[in-house]
$ cat coords_33.cif   # mmCIF, C-alpha atoms and all ligand atoms
data_entry
loop_
_atom_site.label_atom_id
_atom_site.label_comp_id
_atom_site.auth_asym_id
_atom_site.auth_seq_id
_atom_site.Cartn_x
_atom_site.Cartn_y
_atom_site.Cartn_z
CA MET A 1 75.65 76.02 29.62
CA GLY A 2 72.35 77.61 30.51
CA ALA A 3 72.10 81.36 31.07
CA PRO A 4 70.86 82.72 34.41
CA ARG A 5 67.08 82.66 34.43
CA TYR A 6 66.46 86.39 34.65
CA TYR A 7 63.50 85.92 32.32
CA LEU A 8 61.62 84.17 35.11
CA LEU A 9 61.47 87.36 37.21
CA PRO A 10 58.16 88.77 35.90
CA VAL A 11 56.44 85.38 36.24
CA LEU A 12 57.73 84.83 39.77
CA CYS A 13 56.81 88.38 40.84
CA CYS A 14 53.23 87.80 39.63
CA LEU A 15 53.07 84.62 41.67
CA GLY A 16 54.64 86.34 44.66
CA LEU A 17 57.46 83.80 44.58
CA ALA A 18 60.46 86.04 43.86
CA GLY A 19 63.12 85.41 46.49
CA TRP A 20 61.23 82.41 47.86
CA ARG A 21 63.32 79.63 49.47
CA PRO A 22 62.16 76.34 50.87
CA PRO A 23 61.77 76.62 54.64
CA GLU A 24 64.07 73.62 55.27
CA GLU A 25 67.46 74.78 55.87
CA LYS A 26 68.77 76.22 59.14
CA ALA A 27 69.88 72.90 60.66
CA PRO A 28 72.24 73.13 63.66
CA MET A 29 75.62 73.50 62.03
CA HIS A 30 77.69 71.80 64.69
CA MET A 31 76.10 68.32 64.69
CA ASN A 32 75.07 67.59 61.14
CA ALA A 33 76.32 67.97 57.64
CA PRO A 34 76.97 71.62 56.73
CA ARG A 35 74.19 73.27 54.72
CA TRP A 36 76.35 73.61 51.61
CA LYS A 37 76.78 69.82 51.64
CA LEU A 38 73.02 69.26 52.00
CA ALA A 39 72.44 71.59 49.04
CA LEU A 40 75.12 69.81 47.01
CA ASP A 41 73.65 66.38 47.88
CA LYS A 42 70.27 67.61 46.67
CA ALA A 43 71.67 69.00 43.42
CA LEU A 44 73.61 65.78 42.78
CA ALA A 45 70.60 63.58 43.55
CA ALA A 46 68.69 65.47 40.85
CA HIS A 47 71.68 65.56 38.46
CA PRO A 48 73.81 62.50 39.22
CA LYS A 49 75.93 62.87 36.10
CA ALA A 50 77.32 66.25 37.17
CA THR A 51 80.41 64.73 38.77
CA VAL A 52 83.18 66.51 36.86
CA ILE A 53 84.88 69.13 39.02
CA GLN A 54 87.83 71.42 38.30
CA MET A 55 90.64 71.73 40.82
CA ALA A 56 93.29 74.45 40.73
CA SER A 57 96.62 74.16 42.51
CA LEU A 58 99.86 76.12 42.50
CA ASP A 59 103.28 75.06 41.34
CA VAL A 60 106.24 76.60 43.17
CA ASN A 61 108.10 76.99 39.88
CA THR A 62 105.53 79.15 38.12
CA PRO A 63 103.11 81.91 39.09
CA VAL A 64 100.43 80.45 36.81
CA PRO A 65 97.71 78.40 38.55
CA HIS A 66 97.24 74.84 37.29
CA VAL A 67 93.66 73.72 36.83
CA ARG A 68 92.37 70.32 35.73
CA SER A 69 89.17 68.30 35.59
CA LEU A 70 88.64 65.45 38.04
CA VAL A 71 85.78 63.07 38.62
CA PHE A 72 84.19 63.48 42.04
CA ARG A 73 83.71 59.96 43.43
CA ALA A 74 82.06 60.38 46.82
CA PHE A 75 81.97 62.23 50.08
CA ILE A 76 83.76 60.55 52.95
CA SER A 77 83.76 61.35 56.64
CA LEU A 78 86.57 60.46 59.01
CA THR A 79 84.62 61.46 62.06
CA ASP A 80 81.60 59.97 63.75
CA ASP A 81 79.30 62.78 62.64
CA GLU A 82 78.86 64.55 59.32
CA THR A 83 80.33 67.91 60.21
CA HIS A 84 83.47 67.40 58.21
CA PRO A 85 82.74 66.01 54.73
CA LEU A 86 85.75 65.37 52.51
CA LEU A 87 85.61 65.11 48.72
CA LEU A 88 87.07 61.95 47.27
CA ALA A 89 88.64 61.84 43.81
CA THR A 90 91.39 59.66 42.36
CA THR A 91 94.58 60.20 40.42
CA ASP A 92 97.88 58.76 39.24
CA VAL A 93 100.42 59.34 42.00
CA ARG A 94 103.09 60.13 39.38
CA SER A 95 101.13 63.07 37.90
CA PRO A 96 102.45 66.63 38.32
CA LYS A 97 99.64 67.59 40.70
CA THR A 98 101.19 65.34 43.37
CA THR A 99 104.41 67.36 43.46
CA GLN A 100 102.41 70.58 43.50
CA LEU A 101 100.33 69.41 46.44
CA ILE A 102 103.37 68.33 48.45
CA ALA A 103 104.75 71.86 48.17
CA ASN A 104 101.40 73.58 48.60
CA PRO A 105 98.26 71.61 49.50
CA ASN A 106 95.97 74.64 49.09
CA VAL A 107 93.50 74.16 46.26
CA GLN A 108 90.34 75.63 44.90
CA VAL A 109 87.64 73.49 43.30
CA VAL A 110 84.89 74.80 41.08
CA TRP A 111 81.82 72.66 40.48
CA TRP A 112 79.14 73.82 38.08
CA ILE A 113 75.97 71.76 38.23
CA GLU A 114 74.25 72.91 35.11
CA GLY A 115 70.90 71.17 35.65
CA ALA A 116 70.54 72.86 39.05
CA GLN A 117 72.07 76.17 37.87
CA GLU A 118 74.39 76.10 40.87
CA GLN A 119 78.10 76.76 41.26
CA TYR A 120 80.11 75.62 44.27
CA ARG A 121 83.56 77.09 44.68
CA ILE A 122 85.35 75.13 47.36
CA ALA A 123 88.63 76.25 48.91
CA GLY A 124 90.56 73.79 51.03
CA THR A 125 93.49 71.44 51.20
CA ALA A 126 94.14 68.38 49.06
CA ARG A 127 96.14 65.26 49.81
CA VAL A 128 97.20 62.42 47.53
CA ILE A 129 97.08 59.05 49.28
CA PRO A 130 98.99 56.36 47.40
CA ALA A 131 99.91 52.77 48.35
CA PRO A 132 101.33 52.47 51.91
CA SER A 133 104.62 51.20 50.45
CA GLN A 134 105.26 54.68 49.00
CA ALA A 135 106.96 57.25 51.22
CA LEU A 136 104.33 59.76 50.16
CA HIS A 137 101.61 57.77 51.89
CA LYS A 138 102.97 58.68 55.30
CA HIS A 139 103.54 62.27 54.28
CA PHE A 140 99.98 62.92 53.16
CA VAL A 141 98.20 60.89 55.80
CA HIS A 142 100.16 62.70 58.53
CA THR A 143 99.32 66.07 57.05
CA LEU A 144 95.62 65.73 57.76
CA VAL A 145 96.61 68.38 60.24
CA GLU A 146 93.45 70.31 60.85
CA LEU A 147 91.43 67.18 61.54
CA GLN A 148 94.10 65.74 63.81
CA ASN A 149 94.28 68.96 65.77
CA GLN A 150 90.73 68.53 66.93
CA PRO A 151 90.82 66.42 70.12
CA GLN A 152 87.34 65.02 69.57
CA ASN A 153 88.33 63.69 66.15
CA LYS A 154 91.81 62.43 66.87
CA LYS A 155 91.08 58.80 67.56
CA ARG A 156 88.71 58.16 64.68
CA VAL A 157 90.91 59.98 62.17
CA SER A 158 94.05 58.07 63.04
CA GLU A 159 92.11 54.82 62.83
CA PHE A 160 90.77 55.47 59.35
CA ASP A 161 91.92 52.68 57.05
CA TRP A 162 93.11 54.57 53.99
CA GLU A 163 94.44 51.47 52.30
CA ALA A 164 91.08 49.71 52.56
CA LYS A 165 89.45 52.80 51.04
CA ARG A 166 92.05 52.90 48.26
CA LEU A 167 91.53 49.21 47.42
CA GLU A 168 87.75 49.50 47.50
CA THR A 169 87.87 52.56 45.22
CA PHE A 170 90.34 50.92 42.83
CA ARG A 171 88.15 47.82 42.53
CA SER A 172 85.14 50.01 41.69
CA MET A 173 86.92 51.47 38.65
CA SER A 174 86.26 50.15 35.15
CA PRO A 175 88.86 47.84 33.53
CA TYR A 176 89.52 50.68 31.06
CA MET A 177 90.29 53.15 33.86
CA LYS A 178 92.51 50.60 35.61
CA ALA A 179 94.56 50.30 32.42
CA SER A 180 95.18 54.06 32.45
CA TRP A 181 97.46 53.61 35.49
CA CYS A 182 99.69 51.22 33.50
CA ARG A 183 100.84 53.94 31.12
CA PRO A 184 104.19 55.77 31.44
CA VAL A 185 104.38 58.85 33.69
CA PRO A 186 101.47 61.24 32.91
CA GLY A 187 102.66 64.39 31.18
CA SER A 188 106.01 62.85 30.15
CA ARG A 189 107.12 62.93 26.52
CA LEU A 190 105.61 60.21 24.33
CA GLU A 191 108.99 58.88 23.21
CA GLY A 192 107.75 56.04 21.01
CA GLY A 193 104.86 57.99 19.47
CA GLN A 194 101.51 56.35 18.71
CA ASP A 195 103.24 53.00 18.03
CA GLU A 196 104.24 52.94 21.68
CA ALA A 197 100.76 54.00 22.82
CA LYS A 198 99.18 51.12 20.91
CA ARG A 199 101.12 48.64 23.06
CA TRP A 200 99.65 49.90 26.34
CA PRO A 201 97.04 47.67 27.96
CA VAL A 202 93.50 48.77 27.16
CA GLU A 203 91.72 46.97 30.00
CA VAL A 204 92.98 45.48 33.25
CA PHE A 205 90.99 42.82 35.12
CA GLU A 206 91.60 41.41 38.59
CA PRO A 207 93.79 38.33 38.07
CA LYS A 208 92.41 34.97 39.07
CA ASP A 209 94.58 32.32 40.77
CA GLY A 210 97.63 31.55 38.66
CA GLU A 211 97.09 34.44 36.21
CA ASP A 212 99.70 37.11 35.52
CA THR A 213 99.37 39.89 38.11
CA SER A 214 101.81 42.40 36.62
CA SER A 215 99.29 44.83 35.03
CA TRP A 216 97.01 44.75 38.09
CA ASP A 217 99.98 45.34 40.41
CA MET A 218 101.31 48.19 38.30
CA ALA A 219 97.92 49.93 38.07
CA LEU A 220 97.33 49.54 41.79
CA SER A 221 100.76 50.87 42.69
CA ASN A 222 100.21 54.05 40.62
CA PHE A 223 96.61 54.54 41.73
CA ALA A 224 96.05 57.10 44.48
CA LEU A 225 93.17 58.68 46.30
CA LEU A 226 92.88 62.45 46.13
CA VAL A 227 91.16 63.80 49.22
CA ILE A 228 89.98 67.40 49.37
CA GLU A 229 89.18 68.91 52.74
CA PRO A 230 86.88 71.94 52.31
CA ARG A 231 87.55 75.03 54.39
CA GLU A 232 85.32 77.56 52.64
CA VAL A 233 82.49 77.22 50.14
CA ASP A 234 81.08 79.94 47.91
CA HIS A 235 77.69 78.77 46.65
CA ILE A 236 75.90 80.60 43.85
CA GLU A 237 72.33 79.72 42.85
CA LEU A 238 71.25 81.14 39.52
CA ALA A 239 67.79 79.54 39.34
CA PRO A 240 66.07 81.69 42.01
CA VAL A 241 65.34 85.32 41.20
CA PRO A 242 66.97 87.28 42.61
CA ASN A 243 69.96 84.96 42.47
CA LEU A 244 71.43 83.73 45.73
CA ARG A 245 74.99 83.59 46.92
CA THR A 246 76.12 82.17 50.27
CA ARG A 247 79.58 81.93 51.79
CA TYR A 248 80.22 79.09 54.22
CA TRP A 249 83.40 78.82 56.25
CA ARG A 250 84.64 76.57 58.99
CA THR A 251 86.25 77.86 62.18
CA ASP A 252 86.96 75.80 65.32
CA GLY A 253 85.12 72.86 63.80
CA VAL A 254 81.91 74.83 63.22
CA TRP A 255 80.50 75.83 59.85
CA ARG A 256 79.16 79.39 59.67
CA ASP A 257 77.55 81.19 56.77
CA GLU A 258 76.56 84.58 55.44
CA GLU A 259 74.64 85.78 52.41
CA LEU A 260 76.58 87.66 49.75
CA VAL A 261 75.65 89.81 46.82
CA PRO A 262 75.70 87.42 43.83
C1 LIG A 301 86.21 64.87 32.11
C2 LIG A 301 87.59 64.60 32.67
C3 LIG A 301 87.72 63.92 33.87
C4 LIG A 301 88.98 63.68 34.40
N1 LIG A 301 89.08 63.02 35.59
C5 LIG A 301 90.29 62.85 36.17
C6 LIG A 301 90.41 62.25 37.45
O1 LIG A 301 89.42 61.85 38.10
N2 LIG A 301 91.65 62.12 37.98
C7 LIG A 301 92.76 62.58 37.32
O2 LIG A 301 93.86 62.46 37.87
N3 LIG A 301 92.68 63.15 36.11
C8 LIG A 301 91.48 63.30 35.51
N4 LIG A 301 91.39 63.89 34.29
C9 LIG A 301 92.62 64.34 33.61
C10 LIG A 301 93.06 65.65 34.29
O3 LIG A 301 92.20 66.70 33.91
C11 LIG A 301 94.53 66.00 33.98
O4 LIG A 301 94.70 66.14 32.60
C12 LIG A 301 95.49 64.95 34.52
O5 LIG A 301 95.10 64.50 35.80
C13 LIG A 301 96.91 65.53 34.63
O6 LIG A 301 96.84 66.61 35.53
P1 LIG A 301 98.18 67.27 36.16
O7 LIG A 301 99.16 67.35 35.04
O8 LIG A 301 97.74 68.60 36.64
O9 LIG A 301 98.63 66.37 37.29
C14 LIG A 301 90.13 64.13 33.72
C15 LIG A 301 89.99 64.82 32.52
C16 LIG A 301 88.75 65.05 32.01
C17 LIG A 301 88.64 65.80 30.69
#
$ encode --input "coords_33.cif" --output "structure tokens"
Amino acid sequence: MGAPRYYLLPVLCCLGLAGWRPPEEKAPMHMNAPRWKLALDKALAAHPKATVIQMASLDVNTPVPHVRSLVFRAFISLTDDETHPLLLATTDVRSPKTTQLIANPNVQVVWWIEGAQEQYRIAGTARVIPAPSQALHKHFVHTLVELQNQPQNKKRVSEFDWEAKRLETFRSMSPYMKASWCRPVPGSRLEGGQDEAKRWPVEVFEPKDGEDTSSWDMALSNFALLVIEPREVDHIELAPVPNLRTRYWRTDGVWRDEELVP
């Protein structure tokens, strides 16, 4: 991890560049992507490998927050404009985070993009969207409450084809990743030890006509989308001197922002 670039201050002061920001940014917040998303897009375009995020959730049975790494897959939008970007990740529907999110969908994500020296701390709600055959599918899809409460978004949101998205995302995964959803329940005791683990499939490929479909079917039935709906974003930029910190929050469908002391 790189340290904040305080050492740049004298150089930037000499050049008269301390505190300088590109003149791009105050786009109308109600029509387009929020500014935090534009900044994140820019950081990711420059550092496309920085896709590991950490997401914390709460378990009703313990006061200790649970945090884990996830791979950010893409932004998706359920609406016709870009005002409401959702973060897409994936998971095994049987993992403990699913139970935690049923009881309490509030999460916080932290995303450190080292190359850009930027941290995004994103508070919001998370939903796990498994196969439609699972009871949980209905539960999570119907709890996209905030979006559904906005009359202008209602139609498009209810029309969104979650299963098509799930299938498309599953197909894009490597054979090695697909095999990971054929293992026993994540976090359960490894009863048979490493001898058992050696019998798990290592790669799963889409079966051709007449081939055995059992591994593919099993992986697909455990595979779930994890959709995070941001509500507030705390963005810290350590590269500029002085450092910058901006809070973005969404009320009545509109993103607002204010500068904070870093
Ligand atoms: C770099 C990295 C990326 C990971 N990506 C994912 C992911 O995209 N989805 C996922 O469910 N788990 C991912 N994991 C594993 C999780 O961190 C976690 O161990 C697992 O999901 C079980 O979490 P839970 O017990 O809180 O449900 C990743 C782990 C690492 C180290």
$ atom_distance --input "coords_33.cif" --atom1 "atom CA of A:Lys37" --atom2 "atom CA of A:Ala56"
20.3 Å
$ atom_distance --input "coords_33.cif" --atom1 "atom CA of A:Ala219" --atom2 "atom CA of A:Ala50"
26.3 Å
$ closest_residue --input "coords_33.cif" --among "A:Val202, A:Leu226, A:Ala239, A:Leu190" --to "A:Gly115" --atoms "only C-alpha atoms"
A:Ala239
$ atom_distance --input "coords_33.cif" --atom1 "atom CA of A:Gln100" --atom2 "atom O5 of ligand LIG 301 (chain A)"
12.2 Å
$ closest_residue --input "coords_33.cif" --among "A:Ile76, A:Ala103, A:Glu258, A:Leu86" --to "A:Asn61" --atoms "only C-alpha atoms"
A:Ala103
$ closest_residue --input "coords_33.cif" --among "A:Ala164, A:Val254, A:Ala74, A:Cys182" --to "A:Pro132" --atoms "only C-alpha atoms"
A:Ala164
$ residues_near_ligand --input "coords_33.cif" --ligand "ligand LIG 301 (chain A)" --cutoff "7 Å" --atoms "only C-alpha atoms and all ligand atoms" --output "PyMOL selection string"
chain A and resi 52+66-72+89-92+95-98+186-187
$ closest_atom_pairs --input "coords_33.cif" --of "stretch 68-135 of chain A" --to "stretch 246-252 of chain A" --cutoff "10 Å" --atoms "only C-alpha atoms" --output "JSON lines"
{"residue": "A:Thr83", "atom": "CA", "partner": "A:Arg250", "partner_atom": "CA", "distance": 9.7}
{"residue": "A:His84", "atom": "CA", "partner": "A:Arg250", "partner_atom": "CA", "distance": 9.3}
{"residue": "A:Tyr120", "atom": "CA", "partner": "A:Thr246", "partner_atom": "CA", "distance": 9.7}
{"residue": "A:Arg121", "atom": "CA", "partner": "A:Arg247", "partner_atom": "CA", "distance": 9.5}
{"residue": "A:Ile122", "atom": "CA", "partner": "A:Tyr248", "partner_atom": "CA", "distance": 9.4}
{"residue": "A:Ala123", "atom": "CA", "partner": "A:Trp249", "partner_atom": "CA", "distance": 9.4}
$ closest_residue --input "coords_33.cif" --among "A:Pro105, A:Gly210, A:Pro230, A:Pro240" --to "A:Gly253" --atoms "all atoms listed in the file"
A:Pro230
$ closest_residue --input "coords_33.cif" --among "A:Val141, A:Ala46, A:Ala126, A:Val185" --to "A:Asp161" --atoms "only C-alpha atoms"
A:Val141
$ residues_around --input "coords_33.cif" --residues "A:Tyr176" --least-positions-apart "3" --cutoff "9 Å" --atoms "only C-alpha atoms" --output "number ranges by chain"
A: 173, 179-180, 201-205
$ write_last_selection --input "coords_33.cif" --atoms "C-alpha atoms" --output "PDB file, keeping the file's coordinate frame"
ATOM      1  CA  MET A 173      86.920  51.470  38.650  1.00  0.00           C
ATOM      2  CA  ALA A 179      94.560  50.300  32.420  1.00  0.00           C
ATOM      3  CA  SER A 180      95.180  54.060  32.450  1.00  0.00           C
ATOM      4  CA  PRO A 201      97.040  47.670  27.960  1.00  0.00           C
ATOM      5  CA  VAL A 202      93.500  48.770  27.160  1.00  0.00           C
ATOM      6  CA  GLU A 203      91.720  46.970  30.000  1.00  0.00           C
ATOM      7  CA  VAL A 204      92.980  45.480  33.250  1.00  0.00           C
ATOM      8  CA  PHE A 205      90.990  42.820  35.120  1.00  0.00           C
TER       9      PHE A 205
END
$ closest_residue --input "coords_33.cif" --among "A:Pro184, A:Pro207, A:Gly193, A:Pro63" --to "A:Asn222" --atoms "all atoms listed in the file"
A:Pro184
